[in-house]
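Below is one structure, written out as structure tokens, with a few remarks after it.
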There are 2 protein chains.
Amino acid sequence: MNDADMTLAEQTFAIPPVAEDRAAMIRDHLRDAIVDRRLAPGTKLNEAEVGTLFDVSRTVVRAALQALAFEGLVKTERNRGAFVANPTPEEARQVFASRRLIEPGLALAAAQRITSGEVAAFRERLHHESELLHQRGPTARRAEIHASGDFHLLLAKVAGNAIMLRFMEELVARSSLVIALYGRSGASSCGHGDHGNILAALEQRDGELAGRLLLVHIDHIEADLDLRNTSNLPLREALVTEAHRLP
Amino acid sequence: MNDADMTLAEQTFAIPPVAEDRAAMIRDHLRDAIVDRRLAPGTKLNEAEVGTLFDVSRTVVRAALQALAFEGLVKTERNRGAFVANPTPEEARQVFASRRLIEPGLALAAAQRITSGEVAAFRERLHHESELLHQRGPTARRAEIHASGDFHLLLAKVAGNAIMLRFMEELVARSSLVIALYGRSGASSCGHGDHGNILAALEQRDGELAGRLLLVHIDHIEADLDLRNTSNLPLREALVTEAHRLP
DNA sequence: GGCGCCGAAATTGTATGCAATCCGTGCGAC
DNA sequence: GTCGCACGGATTGCATACAATTTCGGCGCC
């Protein structure tokens, strides 16, 4: 087999290359399921079960779970296992406080660096997003959540800082968890025209304005949450590990 | 055994509690060694060797190394192993760009929340730091690096956001690596009166001023670095994996 | 009936074994 | 002499086996 054949084969099977890093693959699948809210906060992630599901040994599963624990999407308790994170209202506030702190700075950097090609990519995203908004069904809803988060990740990418991009990936993913737990309408997870306005500001290289609009946008998201302290009793928390949210 | 006995015992052996989580312990030891620059960037971290050193199996070592890889202090290459990270000039710039983006925001939050007790803790740190500054020898130098970083971590703690604290922990640790690689004088890693001035601003609850001073301070640190692109040839990079820095 | 305790099953933590991959060395060809 | 190549040792990736811990069900006791 020569190099040309190799490349061709790789291109043909580009989507699932071969199974390059199985731990990363499992991590990504689990992360998708969590941010899509197919896995409810508090769900136990049994190592053997996940391993069977993906047809790998527990060793690989543990690596994936450790990765997700780092990202804050999973909480591990020694000798008890891994659970989909169940952020407290305080943690939820900190997630959004972090985004408020970070995103205006990203907007500033992005406004200076954005290219016309990136603007086009943004527009395409936005269009995709608005189409999903008008559809019904849980699949469209999930895709909408994804698309909405992608807008913010694209912002971080354009800002051109790999470290901040990673931080934003974590914050966006955790935001999804928070919305799953504390979202009131659940519907307007993001949406409206906020993203469009922000993009317009970026296009005019007005980073300051884009930053201010982002803050307003984050306020919108957070306004849809119900972060009242549902009592600080640890008892309560113990009772709510599963999806049994009291009305 | 009753609770009082337990607590007493735990207090007595507070430093090495029992050996609760060995992976975390190894991770912390390795991290200390890296940010102290006892382990040079590019150093290979052999799993078996580390395992022998700490008297654990490779399983535990791998978990520790994976954790450090997440923090960016270690780079793992598939089938080749783990190495102390060797940040490129571009990565170095991104570390400091991230700190510029984040720390003023932390200062703002910290200024609003700082208590007199925290001010005292800051002062003690500062005093400790200035004492180390006047000492000679590699031990004092290492302690100084630590103390200097601790100032920034304390700032993040006072800001009261656990997520941002974790981000700052990563950034401070990576800064140490960057300074080890690209520091010119190596000496004035931080220092001068910058920290004192920042604390004074915080004490007066002038977060804006503290933020501006922080930016200047970060500029000071970065000004001591030599981040010229030492040529973009991958060849070069391959030659400089060990501590063979050309003069 | 409720409470606590004990033992089995289930689950995680860790060590170890084996296969796959990489690295270095020595030999041979040019 | 230099380049290419193959083989052996070393090292990582992964699976599995075993030990430690937790969980759950049942039993006895109050």
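The chains in the structure tokens are called A, B, ... from first to last as shown; in each chain the residues are counted from 1, and the ligands are counted from 1 in the order shown.
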Practice item. Pick out the chain D residues within 12 Å of chain A. Count only C-alpha atoms (C1' of nucleotides). Give them as a ChimeraX atom specification. Key: /D:13-16,20-23
Point to revise | Cα RMSD of chain B after least-squares fit onto chain A, all atoms paired in order | key: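 Chain A versus chain B: RMSD of 0.4 Å.
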**Study point:** Straight-line distance linking atom CA of Leu45 of chain B with atom CA of Leu153 of chain B, stated in Å to one decimal
**Key:**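 Computing the Euclidean distance for atom CA of Leu45 of chain B and atom CA of Leu153 of chain B yields 27.0 Å.
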Review point. Counting only C-alpha atoms (C1' of nucleotides), what is within 8 Å of Ala173 of chain B, bar same-chain residues fewer than 4 positions away, as a list in words?
Key: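 Surrounding residues, per the criterion: Val35, Leu73, Gly149, Glu169 and Leu177 of chain B.
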In chain B, what's strand (DSSP E or B) per DSSP? Answer as a short mmCIF file (atom, residue, chain, number, x, y, z; two decimals) with N, CA and C atoms, in the first residue's frame?
data_model
loop_
_atom_site.label_atom_id
_atom_site.label_comp_id
_atom_site.auth_asym_id
_atom_site.auth_seq_id
_atom_site.Cartn_x
_atom_site.Cartn_y
_atom_site.Cartn_z
N LYS B 44 10.95 13.84 29.74
CA LYS B 44 10.03 12.71 29.59
C LYS B 44 9.65 12.17 30.96
N LEU B 45 8.37 11.89 31.12
CA LEU B 45 7.88 11.34 32.38
C LEU B 45 7.52 9.88 32.15
N VAL B 74 1.55 19.10 31.02
CA VAL B 74 2.16 17.91 30.46
C VAL B 74 1.54 17.67 29.09
N LYS B 75 2.36 17.23 28.16
CA LYS B 75 1.83 16.90 26.84
C LYS B 75 2.02 15.42 26.61
N THR B 76 0.95 14.75 26.22
CA THR B 76 1.10 13.33 25.96
C THR B 76 1.00 13.09 24.46
N GLU B 77 1.87 12.22 23.97
CA GLU B 77 1.82 11.83 22.56
C GLU B 77 1.53 10.35 22.51
N GLY B 81 4.31 8.68 25.04
CA GLY B 81 4.43 8.98 26.46
C GLY B 81 4.13 10.42 26.81
N ALA B 82 4.45 10.77 28.04
CA ALA B 82 4.14 12.10 28.57
C ALA B 82 5.42 12.89 28.76
N PHE B 83 5.35 14.18 28.44
CA PHE B 83 6.50 15.05 28.58
C PHE B 83 6.07 16.34 29.27
N VAL B 84 6.96 16.89 30.06
CA VAL B 84 6.68 18.21 30.62
C VAL B 84 6.47 19.17 29.46
N GLY B 183 12.16 33.25 30.09
CA GLY B 183 12.56 34.33 30.98
C GLY B 183 13.97 34.79 30.68
N LEU B 225 10.29 38.55 29.08
CA LEU B 225 10.38 37.35 28.26
C LEU B 225 10.98 37.65 26.89
#
